[in-house]
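Colleague: Got a structure for you, run_32.pdb, holding PDB, C-alpha atoms, pLDDT in the B column.
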```pdb
ATOM      1  CA  MET A   6      37.188 -12.761 -14.753  1.00 57.00           C
ATOM      2  CA  ARG A   7      38.699  -9.545 -16.050  1.00 61.00           C
ATOM      3  CA  SER A   8      39.619  -6.831 -13.545  1.00 62.00           C
ATOM      4  CA  LEU A   9      38.808  -3.195 -14.114  1.00 55.00           C
ATOM      5  CA  PRO A  10      41.723  -0.846 -14.828  1.00 61.00           C
ATOM      6  CA  VAL A  11      40.553   1.595 -12.134  1.00 64.00           C
ATOM      7  CA  SER A  12      39.650   0.591  -8.643  1.00 69.00           C
ATOM      8  CA  CYS A  13      36.840   2.408  -6.902  1.00 67.00           C
ATOM      9  CA  ARG A  14      38.078   4.152  -3.789  1.00 71.00           C
ATOM     10  CA  THR A  15      35.122   6.425  -3.166  1.00 69.00           C
ATOM     11  CA  PRO A  16      34.379   6.509   0.545  1.00 64.00           C
ATOM     12  CA  LEU A  17      30.815   5.653   1.461  1.00 69.00           C
ATOM     13  CA  ALA A  18      29.035   8.677   2.809  1.00 71.00           C
ATOM     14  CA  GLY A  19      26.154   6.693   4.202  1.00 72.00           C
ATOM     15  CA  SER A  20      22.717   8.105   4.911  1.00 76.00           C
ATOM     16  CA  SER A  21      22.042  10.301   7.902  1.00 78.00           C
ATOM     17  CA  LEU A  22      18.307   9.984   7.328  1.00 80.00           C
ATOM     18  CA  ALA A  23      16.570   7.969  10.042  1.00 84.00           C
ATOM     19  CA  GLU A  24      13.808   5.598   8.930  1.00 89.00           C
ATOM     20  CA  ARG A  25      11.145   7.731  10.618  1.00 90.00           C
ATOM     21  CA  ASP A  26      12.427  10.846   8.833  1.00 87.00           C
ATOM     22  CA  ALA A  27      12.570   8.987   5.513  1.00 87.00           C
ATOM     23  CA  VAL A  28       8.915   7.961   5.889  1.00 91.00           C
ATOM     24  CA  GLU A  29       7.910  11.546   6.754  1.00 88.00           C
ATOM     25  CA  LEU A  30       9.884  12.948   3.820  1.00 88.00           C
ATOM     26  CA  GLU A  31       8.328  10.403   1.459  1.00 91.00           C
ATOM     27  CA  ARG A  32       4.845  11.432   2.617  1.00 90.00           C
ATOM     28  CA  LEU A  33       5.598  15.131   2.151  1.00 90.00           C
ATOM     29  CA  LEU A  34       7.222  14.697  -1.245  1.00 91.00           C
ATOM     30  CA  ARG A  35       4.319  12.575  -2.496  1.00 92.00           C
ATOM     31  CA  SER A  36       1.943  15.332  -1.443  1.00 92.00           C
ATOM     32  CA  ILE A  37       3.739  17.920  -3.587  1.00 92.00           C
ATOM     33  CA  ALA A  38       4.769  15.629  -6.469  1.00 92.00           C
ATOM     34  CA  ASP A  39       2.229  16.978  -8.930  1.00 94.00           C
ATOM     35  CA  ARG A  40       2.682  19.833 -11.391  1.00 94.00           C
ATOM     36  CA  HIS A  41      -0.487  21.605 -10.241  1.00 95.00           C
ATOM     37  CA  ARG A  42       0.465  21.337  -6.570  1.00 95.00           C
ATOM     38  CA  LEU A  43       3.942  22.629  -7.336  1.00 94.00           C
ATOM     39  CA  LYS A  44       2.380  25.604  -9.130  1.00 94.00           C
ATOM     40  CA  ILE A  45       0.096  26.192  -6.141  1.00 95.00           C
ATOM     41  CA  LEU A  46       3.113  26.209  -3.830  1.00 94.00           C
ATOM     42  CA  ASN A  47       4.944  28.542  -6.195  1.00 94.00           C
ATOM     43  CA  MET A  48       2.022  30.990  -6.158  1.00 95.00           C
ATOM     44  CA  LEU A  49       1.893  30.874  -2.358  1.00 95.00           C
ATOM     45  CA  VAL A  50       5.633  31.484  -2.039  1.00 93.00           C
ATOM     46  CA  ARG A  51       5.401  34.405  -4.481  1.00 94.00           C
ATOM     47  CA  ALA A  52       2.501  35.844  -2.444  1.00 95.00           C
ATOM     48  CA  GLY A  53       4.963  36.402   0.397  1.00 92.00           C
ATOM     49  CA  GLY A  54       2.763  34.933   3.114  1.00 89.00           C
ATOM     50  CA  ALA A  55      -0.472  36.578   2.007  1.00 95.00           C
ATOM     51  CA  PRO A  56      -3.402  34.146   1.737  1.00 97.00           C
ATOM     52  CA  ILE A  57      -4.730  33.380  -1.762  1.00 96.00           C
ATOM     53  CA  CYS A  58      -8.394  32.748  -2.528  1.00 94.00           C
ATOM     54  CA  VAL A  59      -9.353  29.432  -4.115  1.00 92.00           C
ATOM     55  CA  CYS A  60     -10.883  31.379  -7.005  1.00 91.00           C
ATOM     56  CA  GLU A  61      -7.443  32.734  -7.935  1.00 93.00           C
ATOM     57  CA  PHE A  62      -6.031  29.202  -8.265  1.00 94.00           C
ATOM     58  CA  THR A  63      -8.983  28.145 -10.393  1.00 91.00           C
ATOM     59  CA  ALA A  64      -8.453  31.059 -12.774  1.00 90.00           C
ATOM     60  CA  ALA A  65      -4.665  30.617 -12.904  1.00 93.00           C
ATOM     61  CA  PHE A  66      -4.724  26.919 -13.821  1.00 90.00           C
ATOM     62  CA  ASP A  67      -7.770  26.780 -16.075  1.00 84.00           C
ATOM     63  CA  LEU A  68      -8.978  23.743 -14.127  1.00 88.00           C
ATOM     64  CA  PRO A  69     -12.450  22.987 -12.828  1.00 91.00           C
ATOM     65  CA  GLN A  70     -12.952  24.171  -9.261  1.00 90.00           C
ATOM     66  CA  GLN A  71     -13.323  20.597  -7.957  1.00 93.00           C
ATOM     67  CA  ASN A  72      -9.886  19.668  -9.365  1.00 95.00           C
ATOM     68  CA  VAL A  73      -8.256  22.683  -7.753  1.00 95.00           C
ATOM     69  CA  SER A  74     -10.007  21.865  -4.467  1.00 94.00           C
ATOM     70  CA  TYR A  75      -8.695  18.293  -4.639  1.00 96.00           C
ATOM     71  CA  HIS A  76      -5.084  19.491  -5.023  1.00 96.00           C
ATOM     72  CA  LEU A  77      -5.501  22.032  -2.237  1.00 97.00           C
ATOM     73  CA  LYS A  78      -6.971  19.351   0.037  1.00 96.00           C
ATOM     74  CA  GLN A  79      -3.954  17.104  -0.558  1.00 96.00           C
ATOM     75  CA  LEU A  80      -1.605  19.919   0.461  1.00 96.00           C
ATOM     76  CA  VAL A  81      -3.683  20.824   3.531  1.00 96.00           C
ATOM     77  CA  GLU A  82      -3.805  17.200   4.704  1.00 95.00           C
ATOM     78  CA  ALA A  83      -0.026  16.947   4.320  1.00 93.00           C
ATOM     79  CA  GLY A  84       0.397  20.035   6.496  1.00 93.00           C
ATOM     80  CA  VAL A  85       2.139  22.001   3.759  1.00 94.00           C
ATOM     81  CA  ILE A  86      -0.535  24.712   3.503  1.00 96.00           C
ATOM     82  CA  GLY A  87      -3.270  26.032   5.745  1.00 96.00           C
ATOM     83  CA  ARG A  88      -6.877  26.939   4.979  1.00 97.00           C
ATOM     84  CA  GLU A  89      -8.979  29.782   6.339  1.00 96.00           C
ATOM     85  CA  ARG A  90     -12.701  30.198   5.594  1.00 95.00           C
ATOM     86  CA  ARG A  91     -13.947  33.720   4.859  1.00 94.00           C
ATOM     87  CA  GLY A  92     -17.644  33.601   4.119  1.00 94.00           C
ATOM     88  CA  ARG A  93     -18.173  31.327   1.140  1.00 93.00           C
ATOM     89  CA  TYR A  94     -14.528  31.385   0.055  1.00 92.00           C
ATOM     90  CA  SER A  95     -11.465  29.588   1.349  1.00 94.00           C
ATOM     91  CA  TYR A  96      -8.081  31.268   1.478  1.00 96.00           C
ATOM     92  CA  TYR A  97      -4.846  29.315   1.505  1.00 97.00           C
ATOM     93  CA  SER A  98      -1.357  30.116   2.726  1.00 96.00           C
ATOM     94  CA  LEU A  99       1.876  28.235   3.331  1.00 95.00           C
ATOM     95  CA  ALA A 100       2.058  26.516   6.702  1.00 94.00           C
ATOM     96  CA  ASP A 101       4.729  28.086   8.903  1.00 91.00           C
ATOM     97  CA  GLY A 102       8.031  26.307   8.352  1.00 88.00           C
ATOM     98  CA  ALA A 103       6.630  23.600   6.055  1.00 87.00           C
ATOM     99  CA  LEU A 104       9.175  24.107   3.287  1.00 85.00           C
ATOM    100  CA  ASP A 105      11.970  24.530   5.850  1.00 87.00           C
ATOM    101  CA  HIS A 106      10.921  21.204   7.385  1.00 85.00           C
ATOM    102  CA  ILE A 107      11.192  19.453   4.014  1.00 85.00           C
ATOM    103  CA  ALA A 108      14.630  21.010   3.427  1.00 85.00           C
ATOM    104  CA  ALA A 109      15.760  19.942   6.895  1.00 83.00           C
ATOM    105  CA  LEU A 110      14.686  16.340   6.318  1.00 82.00           C
ATOM    106  CA  VAL A 111      16.546  16.211   2.987  1.00 81.00           C
ATOM    107  CA  SER A 112      19.681  17.798   4.460  1.00 81.00           C
ATOM    108  CA  GLY A 113      19.843  15.566   7.487  1.00 68.00           C
ATOM    109  CA  PRO A 114      21.115  16.307  10.984  1.00 65.00           C
ATOM    110  CA  GLY A 115      23.935  18.766  11.483  1.00 57.00           C
ATOM    111  CA  SER A 116      23.244  20.855   8.402  1.00 53.00           C
ATOM    112  CA  GLY A 117      22.131  24.463   8.419  1.00 47.00           C
ATOM    113  CA  ALA A 118      18.646  23.567   7.177  1.00 44.00           C
ATOM    114  CA  ALA A 119      18.186  20.916   9.851  1.00 42.00           C
ATOM    115  CA  ALA A 120      19.207  23.354  12.541  1.00 44.00           C
ATOM    116  CA  ALA A 121      16.648  25.871  11.268  1.00 45.00           C
ATOM    117  CA  ALA A 122      13.744  23.424  11.608  1.00 44.00           C
TER     118      ALA A 122
END
```
Translate this file's structure into C-alpha cells.
Modeller:
Amino acid sequence: MRSLPVSCRTPLAGSSLAERDAVELERLLRSIADRHRLKILNMLVRAGGAPICVCEFTAAFDLPQQNVSYHLKQLVEAGVIGRERRGRYSYYSLADGALDHIAALVSGPGSGAAAAA
C-alpha cells in the first residue's frame, strides 16, 4: 500500500451538539427548509416585528391562498412564527427568540449565540 506524502494532523474538534439539541435543530431546520417559508421569514424579519396579514403573503408569492396557509401552518407548528386572528384575517409575526434559538443550537454551548438563548 502506498503512503500519502502528507500526513493529516488536523485535530478533531468534535461536536458540542447534544443528541436532544440535534433532534430539535433538525426539526426546526426542516420546518424552514422551503423557499416559500424562507421568503415568509424574510418578510417577517423585514417587517421589524410588525404582524403581516395572510393576504400580503398571498399577493407577494403569487400562490393560491391554501398553499400560503399550508406554509404558514408549518412555521406556526414549529414555533417559528405566531398567529393572531383579527376578524376574518390572520396576522403572523416571528415568535420571540425563534431565530436566536436556531442560531444558539447551531453554535453550541459556550458561544455568544448560545448564551443569548
Colleague: Expressed in Å to a single decimal, how great is the separation between CA of Val28 (chain A) and CA of Ser112 (chain A)?
Modeller: 14.7 Å
Colleague: Need the shell around region 61-78 of chain A: protein/DNA/RNA residues with any atom at most 7 Å away, counting all atoms listed in the file. Skip same-chain ones fewer than 4 positions apart. Format as a PyMOL selection string?
Modeller: chain A and resi 42+57+82
Colleague: Could you jot down the CA of Ala18 (chain A) to CA of Val111 (chain A) separation for me, Å, one decimal place?
Modeller: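 Result for CA of Ala18 (chain A) versus CA of Val111 (chain A): 14.6 Å, one decimal.
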Colleague: Specify as a list in words each residue included when the PyMOL selection byres ((chain A and resi 96) around 6) is applied to this file.
Modeller: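 With the PyMOL selection byres ((chain A and resi 96) around 6) on this model, the match is Pro56, Ile57, Cys58, Arg88, Glu89, Ser95 and Tyr97 of chain A.
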Colleague: Enter the distance from CA of Val81 (chain A) to CA of Ala52 (chain A), in Å, rounded to one decimal.
Modeller: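 Computing the Euclidean distance for CA of Val81 (chain A) and CA of Ala52 (chain A) yields 17.3 Å.
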Colleague: Evaluate the PyMOL selection byres ((chain A and resi 101) around 12) and record the selected residues as a compact mmCIF listing (two decimals) with C-alpha atoms, keeping the file's coordinate frame, following the chain and residue labels used in the document.
Modeller:
```
# COMPACT_ATOMS: atom_id res chain seq x y z
CA LEU A 49 1.89 30.87 -2.36
CA VAL A 50 5.63 31.48 -2.04
CA GLY A 53 4.96 36.40 0.40
CA GLY A 54 2.76 34.93 3.11
CA GLY A 84 0.40 20.04 6.50
CA VAL A 85 2.14 22.00 3.76
CA ILE A 86 -0.54 24.71 3.50
CA GLY A 87 -3.27 26.03 5.74
CA SER A 98 -1.36 30.12 2.73
CA LEU A 99 1.88 28.24 3.33
CA ALA A 100 2.06 26.52 6.70
CA GLY A 102 8.03 26.31 8.35
CA ALA A 103 6.63 23.60 6.06
CA LEU A 104 9.18 24.11 3.29
CA ASP A 105 11.97 24.53 5.85
CA HIS A 106 10.92 21.20 7.38
CA ILE A 107 11.19 19.45 4.01
CA ALA A 122 13.74 23.42 11.61
```
Colleague: Could you work out an axis-aligned bounding box for all listed atoms of region 20-26 of chain A, with 4 Å added on each of the six sides, and give its centre and edge lengths in Å to one decimal, as lines of an AutoDock Vina configuration file?
Modeller:
```
center_x = 16.9
center_y = 8.2
center_z = 7.8
size_x = 19.6
size_y = 13.2
size_z = 13.7
```
Colleague: Exactly which residues make up the result of the PyMOL selection byres ((chain A and resi 33) around 9) on this file, given as a PDB file with C-alpha atoms, keeping the file's coordinate frame?
Modeller:
```pdb
ATOM      1  CA  VAL A  28       8.915   7.961   5.889  1.00 91.00           C
ATOM      2  CA  GLU A  29       7.910  11.546   6.754  1.00 88.00           C
ATOM      3  CA  LEU A  30       9.884  12.948   3.820  1.00 88.00           C
ATOM      4  CA  GLU A  31       8.328  10.403   1.459  1.00 91.00           C
ATOM      5  CA  ARG A  32       4.845  11.432   2.617  1.00 90.00           C
ATOM      6  CA  LEU A  34       7.222  14.697  -1.245  1.00 91.00           C
ATOM      7  CA  ARG A  35       4.319  12.575  -2.496  1.00 92.00           C
ATOM      8  CA  SER A  36       1.943  15.332  -1.443  1.00 92.00           C
ATOM      9  CA  ILE A  37       3.739  17.920  -3.587  1.00 92.00           C
ATOM     10  CA  ALA A  38       4.769  15.629  -6.469  1.00 92.00           C
ATOM     11  CA  LEU A  80      -1.605  19.919   0.461  1.00 96.00           C
ATOM     12  CA  ALA A  83      -0.026  16.947   4.320  1.00 93.00           C
ATOM     13  CA  GLY A  84       0.397  20.035   6.496  1.00 93.00           C
ATOM     14  CA  VAL A  85       2.139  22.001   3.759  1.00 94.00           C
ATOM     15  CA  ILE A 107      11.192  19.453   4.014  1.00 85.00           C
TER      16      ILE A 107
END
```
